[in-house]
Amino acid sequence: SGSITFNNTRVDSKDGFLSIRTNNCVIKGKYFYECELLSNGLLQIGWCQLTTPFTEQNGVGDDNSSYAYDGWRNVVFHGPDKPYGKIWDKGDIVGCCIDLTNKTMSFYLNGEDLGIAATNIAVGENCAYFPGCSLSRSEKCVFNFGQTPFMYKYEGYEPFDQMVFQIEQTNQVLAKLLTLVHSYLLNILETYKDELDTYMKQLLCYNVFDYIMRK
């Protein structure tokens, strides 16, 4: 058991070994985010999937669906751990990069490239990666997905927030398009007002929307 607080983009672990992930994910492309350490103990920072189990013993990196850098133990996790990177300290900035085009994952510490942490990562159908971290008691950190200026540059990678912004733009355009289609359909169906009642008109609109979304 345990508790974790999440205030804007700051995460604090009150007790136990606890995990958290974002609501948004990436399925293709090259993205990064930064994580500022507000403590220097056991944190596992990286990328996970919806299927990644979060328990009192397991978190980000502890199974084959996730990856994490742990600068306290100087390892990278993907199921079994392996030596990687450098020892971190309070105030350090961890850069987390995922390349779904070349199927690699890498981490940075204060702008220094620590090298490829994983290759041949799973991509394609049913594979979506979420920024996430696991923290032991009293550990804390702050995520930066692009809501504030980054401390360092990550050549060739897009900020994670850029993907979220693109999704929001797409959803807004889609909502406007569906509104226009709905109005257009109702105008056409109005010519059949003697043959169709209101319920049937709405049902026909729903079926058309369903067909469009499936395509």
# chains A, B, ... in the order shown; residues from 1 in each chain; ligands from 1

call {"tool": "residues_around", "arguments": {"residues": "Thr119 (chain A)", "least_positions_apart": "3", "cutoff": "9 Å", "atoms": "only C-alpha atoms", "output": "count of residues only"}}
result
5

call {"tool": "residues_around", "arguments": {"residues": "Ala68 (chain A)", "least_positions_apart": "6", "cutoff": "10 Å", "atoms": "only C-alpha atoms", "output": "list in words"}}
result
Leu43, Gln44, Ile45, Gly46, Trp47, Cys48, Gly59, Val60, Gly61, Asp62, Val75, Val76, Phe77, His78, Gly79, Asp81, Cys96, Met105, Ser106, Phe107, Ala117, Ala118, Pro131, Gly132, Cys133 and Ser134 of chain A

call {"tool": "closest_residue", "arguments": {"among": "A:Glu112, A:Asp161, A:Asp99, A:Asp15", "to": "Asn144 (chain A)", "atoms": "only C-alpha atoms"}}
result
A:Asp161

call {"tool": "select_by_dssp", "arguments": {"residues": "region 97-171 of chain A", "states": "strand (DSSP E)", "output": "MDAnalysis selection string"}}
result
chainID A and resid 97:99 104:109 112:119 130:135 140:144 158:159

call {"tool": "closest_residue", "arguments": {"among": "A:Ile27, A:Ile121, A:Val11, A:Leu38", "to": "Lys90 (chain A)", "atoms": "only C-alpha atoms"}}
result
A:Leu38

call {"tool": "atom_distance", "arguments": {"atom1": "CA of Gly16 (chain A)", "atom2": "CA of Glu56 (chain A)"}}
result
6.9 Å

call {"tool": "closest_residue", "arguments": {"among": "A:Asp70, A:Glu158, A:Asp63, A:Asp92", "to": "Cys141 (chain A)", "atoms": "only C-alpha atoms"}}
result
A:Asp92

call {"tool": "residues_around", "arguments": {"residues": "region 145-157 of chain A", "least_positions_apart": "5", "cutoff": "12 Å", "atoms": "only C-alpha atoms", "output": "ChimeraX atom specification"}}
result
/A:8-10,22,24-25,28-36,91-101,105-113,130-132,162-165

call {"tool": "atom_distance", "arguments": {"atom1": "CA of Ser13 (chain A)", "atom2": "CA of Pro53 (chain A)"}}
result
17.7 Å

call {"tool": "closest_residue", "arguments": {"among": "A:Phe143, A:Trp72, A:Tyr129, A:Phe160", "to": "Thr51 (chain A)", "atoms": "only C-alpha atoms"}}
result
A:Tyr129

call {"tool": "atom_distance", "arguments": {"atom1": "CA of Ala122 (chain A)", "atom2": "CA of Val142 (chain A)"}}
result
27.3 Å

call {"tool": "select_by_dssp", "arguments": {"residues": "region 24-180 of chain A", "states": "alpha helix (DSSP H)", "output": "PyMOL selection string"}}
result
chain A and resi 160-180

call {"tool": "decode", "arguments": {"residues": "region 23-63 of chain A", "atoms": "N, CA and C atoms", "output": "PDB file, in the first residue's frame"}}
result
ATOM      1  N   ASN A  23      -1.624  10.061 -19.497  1.00  0.00           N
ATOM      2  CA  ASN A  23      -2.827   9.588 -20.187  1.00  0.00           C
ATOM      3  C   ASN A  23      -2.619   9.500 -21.690  1.00  0.00           C
ATOM      4  N   ASN A  24      -1.638  10.233 -22.205  1.00  0.00           N
ATOM      5  CA  ASN A  24      -1.370  10.247 -23.642  1.00  0.00           C
ATOM      6  C   ASN A  24      -0.172   9.364 -23.978  1.00  0.00           C
ATOM      7  N   CYS A  25      -0.119   8.937 -25.232  1.00  0.00           N
ATOM      8  CA  CYS A  25       0.927   7.993 -25.641  1.00  0.00           C
ATOM      9  C   CYS A  25       1.422   8.318 -27.041  1.00  0.00           C
ATOM     10  N   VAL A  26       2.468   7.615 -27.462  1.00  0.00           N
ATOM     11  CA  VAL A  26       2.984   7.719 -28.825  1.00  0.00           C
ATOM     12  C   VAL A  26       2.978   6.330 -29.455  1.00  0.00           C
ATOM     13  N   ILE A  27       2.695   6.280 -30.760  1.00  0.00           N
ATOM     14  CA  ILE A  27       2.671   5.004 -31.478  1.00  0.00           C
ATOM     15  C   ILE A  27       3.624   5.003 -32.671  1.00  0.00           C
ATOM     16  N   LYS A  28       4.120   6.182 -33.035  1.00  0.00           N
ATOM     17  CA  LYS A  28       5.103   6.274 -34.113  1.00  0.00           C
ATOM     18  C   LYS A  28       5.858   7.588 -33.966  1.00  0.00           C
ATOM     19  N   GLY A  29       6.999   7.686 -34.683  1.00  0.00           N
ATOM     20  CA  GLY A  29       7.782   8.904 -34.626  1.00  0.00           C
ATOM     21  C   GLY A  29       8.883   8.849 -33.582  1.00  0.00           C
ATOM     22  N   LYS A  30       9.472  10.042 -33.301  1.00  0.00           N
ATOM     23  CA  LYS A  30      10.594  10.168 -32.368  1.00  0.00           C
ATOM     24  C   LYS A  30      10.274  11.285 -31.382  1.00  0.00           C
ATOM     25  N   TYR A  31      10.167  10.935 -30.114  1.00  0.00           N
ATOM     26  CA  TYR A  31       9.739  11.894 -29.101  1.00  0.00           C
ATOM     27  C   TYR A  31      10.617  11.850 -27.860  1.00  0.00           C
ATOM     28  N   PHE A  32      10.573  12.951 -27.093  1.00  0.00           N
ATOM     29  CA  PHE A  32      11.334  13.018 -25.843  1.00  0.00           C
ATOM     30  C   PHE A  32      10.561  13.822 -24.807  1.00  0.00           C
ATOM     31  N   TYR A  33      10.970  13.641 -23.572  1.00  0.00           N
ATOM     32  CA  TYR A  33      10.531  14.506 -22.480  1.00  0.00           C
ATOM     33  C   TYR A  33      11.661  14.583 -21.462  1.00  0.00           C
ATOM     34  N   GLU A  34      11.587  15.540 -20.570  1.00  0.00           N
ATOM     35  CA  GLU A  34      12.590  15.692 -19.528  1.00  0.00           C
ATOM     36  C   GLU A  34      11.974  15.441 -18.158  1.00  0.00           C
ATOM     37  N   CYS A  35      12.817  15.005 -17.237  1.00  0.00           N
ATOM     38  CA  CYS A  35      12.392  14.781 -15.860  1.00  0.00           C
ATOM     39  C   CYS A  35      13.464  15.349 -14.930  1.00  0.00           C
ATOM     40  N   GLU A  36      13.084  16.320 -14.120  1.00  0.00           N
ATOM     41  CA  GLU A  36      14.014  16.902 -13.148  1.00  0.00           C
ATOM     42  C   GLU A  36      13.904  16.152 -11.827  1.00  0.00           C
ATOM     43  N   LEU A  37      15.044  15.716 -11.315  1.00  0.00           N
ATOM     44  CA  LEU A  37      15.067  14.978 -10.055  1.00  0.00           C
ATOM     45  C   LEU A  37      15.052  15.940  -8.871  1.00  0.00           C
ATOM     46  N   LEU A  38      14.067  15.762  -7.998  1.00  0.00           N
ATOM     47  CA  LEU A  38      13.988  16.552  -6.767  1.00  0.00           C
ATOM     48  C   LEU A  38      14.509  15.748  -5.580  1.00  0.00           C
ATOM     49  N   SER A  39      14.994  14.550  -5.854  1.00  0.00           N
ATOM     50  CA  SER A  39      15.649  13.689  -4.871  1.00  0.00           C
ATOM     51  C   SER A  39      16.637  12.825  -5.647  1.00  0.00           C
ATOM     52  N   ASN A  40      17.454  12.051  -4.975  1.00  0.00           N
ATOM     53  CA  ASN A  40      18.489  11.299  -5.702  1.00  0.00           C
ATOM     54  C   ASN A  40      18.462   9.809  -5.405  1.00  0.00           C
ATOM     55  N   GLY A  41      17.302   9.294  -5.032  1.00  0.00           N
ATOM     56  CA  GLY A  41      17.215   7.883  -4.682  1.00  0.00           C
ATOM     57  C   GLY A  41      16.674   7.013  -5.793  1.00  0.00           C
ATOM     58  N   LEU A  42      15.858   6.025  -5.398  1.00  0.00           N
ATOM     59  CA  LEU A  42      15.374   5.017  -6.331  1.00  0.00           C
ATOM     60  C   LEU A  42      14.180   5.530  -7.133  1.00  0.00           C
ATOM     61  N   LEU A  43      14.436   5.855  -8.377  1.00  0.00           N
ATOM     62  CA  LEU A  43      13.396   6.198  -9.343  1.00  0.00           C
ATOM     63  C   LEU A  43      13.671   5.408 -10.626  1.00  0.00           C
ATOM     64  N   GLN A  44      12.635   4.937 -11.261  1.00  0.00           N
ATOM     65  CA  GLN A  44      12.744   4.259 -12.553  1.00  0.00           C
ATOM     66  C   GLN A  44      11.937   5.078 -13.550  1.00  0.00           C
ATOM     67  N   ILE A  45      12.654   5.777 -14.432  1.00  0.00           N
ATOM     68  CA  ILE A  45      12.037   6.757 -15.322  1.00  0.00           C
ATOM     69  C   ILE A  45      12.151   6.281 -16.764  1.00  0.00           C
ATOM     70  N   GLY A  46      11.063   6.311 -17.499  1.00  0.00           N
ATOM     71  CA  GLY A  46      11.139   5.874 -18.883  1.00  0.00           C
ATOM     72  C   GLY A  46       9.805   5.831 -19.585  1.00  0.00           C
ATOM     73  N   TRP A  47       9.528   4.675 -20.209  1.00  0.00           N
ATOM     74  CA  TRP A  47       8.338   4.498 -21.040  1.00  0.00           C
ATOM     75  C   TRP A  47       7.669   3.170 -20.697  1.00  0.00           C
ATOM     76  N   CYS A  48       6.341   3.174 -20.678  1.00  0.00           N
ATOM     77  CA  CYS A  48       5.599   1.954 -20.377  1.00  0.00           C
ATOM     78  C   CYS A  48       4.389   1.839 -21.311  1.00  0.00           C
ATOM     79  N   GLN A  49       3.685   0.729 -21.209  1.00  0.00           N
ATOM     80  CA  GLN A  49       2.490   0.505 -22.006  1.00  0.00           C
ATOM     81  C   GLN A  49       1.284   0.280 -21.087  1.00  0.00           C
ATOM     82  N   LEU A  50       0.106   0.201 -21.689  1.00  0.00           N
ATOM     83  CA  LEU A  50      -1.097  -0.021 -20.886  1.00  0.00           C
ATOM     84  C   LEU A  50      -1.037  -1.349 -20.143  1.00  0.00           C
ATOM     85  N   THR A  51      -0.331  -2.310 -20.728  1.00  0.00           N
ATOM     86  CA  THR A  51      -0.260  -3.640 -20.126  1.00  0.00           C
ATOM     87  C   THR A  51       0.797  -3.745 -19.023  1.00  0.00           C
ATOM     88  N   THR A  52       1.594  -2.693 -18.837  1.00  0.00           N
ATOM     89  CA  THR A  52       2.634  -2.732 -17.810  1.00  0.00           C
ATOM     90  C   THR A  52       2.007  -2.831 -16.421  1.00  0.00           C
ATOM     91  N   PRO A  53       2.330  -3.881 -15.658  1.00  0.00           N
ATOM     92  CA  PRO A  53       1.729  -4.028 -14.322  1.00  0.00           C
ATOM     93  C   PRO A  53       2.370  -3.083 -13.312  1.00  0.00           C
ATOM     94  N   PHE A  54       1.521  -2.359 -12.575  1.00  0.00           N
ATOM     95  CA  PHE A  54       1.992  -1.498 -11.492  1.00  0.00           C
ATOM     96  C   PHE A  54       1.579  -2.133 -10.165  1.00  0.00           C
ATOM     97  N   THR A  55       2.539  -2.661  -9.426  1.00  0.00           N
ATOM     98  CA  THR A  55       2.273  -3.291  -8.134  1.00  0.00           C
ATOM     99  C   THR A  55       3.246  -2.736  -7.108  1.00  0.00           C
ATOM    100  N   GLU A  56       3.201  -3.292  -5.893  1.00  0.00           N
ATOM    101  CA  GLU A  56       4.129  -2.867  -4.844  1.00  0.00           C
ATOM    102  C   GLU A  56       5.557  -3.312  -5.125  1.00  0.00           C
ATOM    103  N   GLN A  57       5.719  -4.298  -6.009  1.00  0.00           N
ATOM    104  CA  GLN A  57       7.051  -4.800  -6.335  1.00  0.00           C
ATOM    105  C   GLN A  57       7.491  -4.450  -7.754  1.00  0.00           C
ATOM    106  N   ASN A  58       6.550  -4.195  -8.638  1.00  0.00           N
ATOM    107  CA  ASN A  58       6.887  -3.980 -10.047  1.00  0.00           C
ATOM    108  C   ASN A  58       6.352  -2.651 -10.568  1.00  0.00           C
ATOM    109  N   GLY A  59       7.182  -2.023 -11.411  1.00  0.00           N
ATOM    110  CA  GLY A  59       6.791  -0.743 -11.991  1.00  0.00           C
ATOM    111  C   GLY A  59       7.370  -0.582 -13.379  1.00  0.00           C
ATOM    112  N   VAL A  60       7.669   0.648 -13.748  1.00  0.00           N
ATOM    113  CA  VAL A  60       8.201   0.946 -15.076  1.00  0.00           C
ATOM    114  C   VAL A  60       9.570   0.274 -15.240  1.00  0.00           C
ATOM    115  N   GLY A  61       9.684  -0.548 -16.270  1.00  0.00           N
ATOM    116  CA  GLY A  61      10.934  -1.238 -16.556  1.00  0.00           C
ATOM    117  C   GLY A  61      11.044  -2.633 -15.988  1.00  0.00           C
ATOM    118  N   ASP A  62      10.125  -3.012 -15.103  1.00  0.00           N
ATOM    119  CA  ASP A  62      10.252  -4.303 -14.424  1.00  0.00           C
ATOM    120  C   ASP A  62       9.655  -5.472 -15.197  1.00  0.00           C
ATOM    121  N   ASP A  63       9.128  -5.197 -16.390  1.00  0.00           N
ATOM    122  CA  ASP A  63       8.657  -6.304 -17.229  1.00  0.00           C
ATOM    123  C   ASP A  63       9.026  -5.998 -18.673  1.00  0.00           C
TER     124      ASP A  63
END
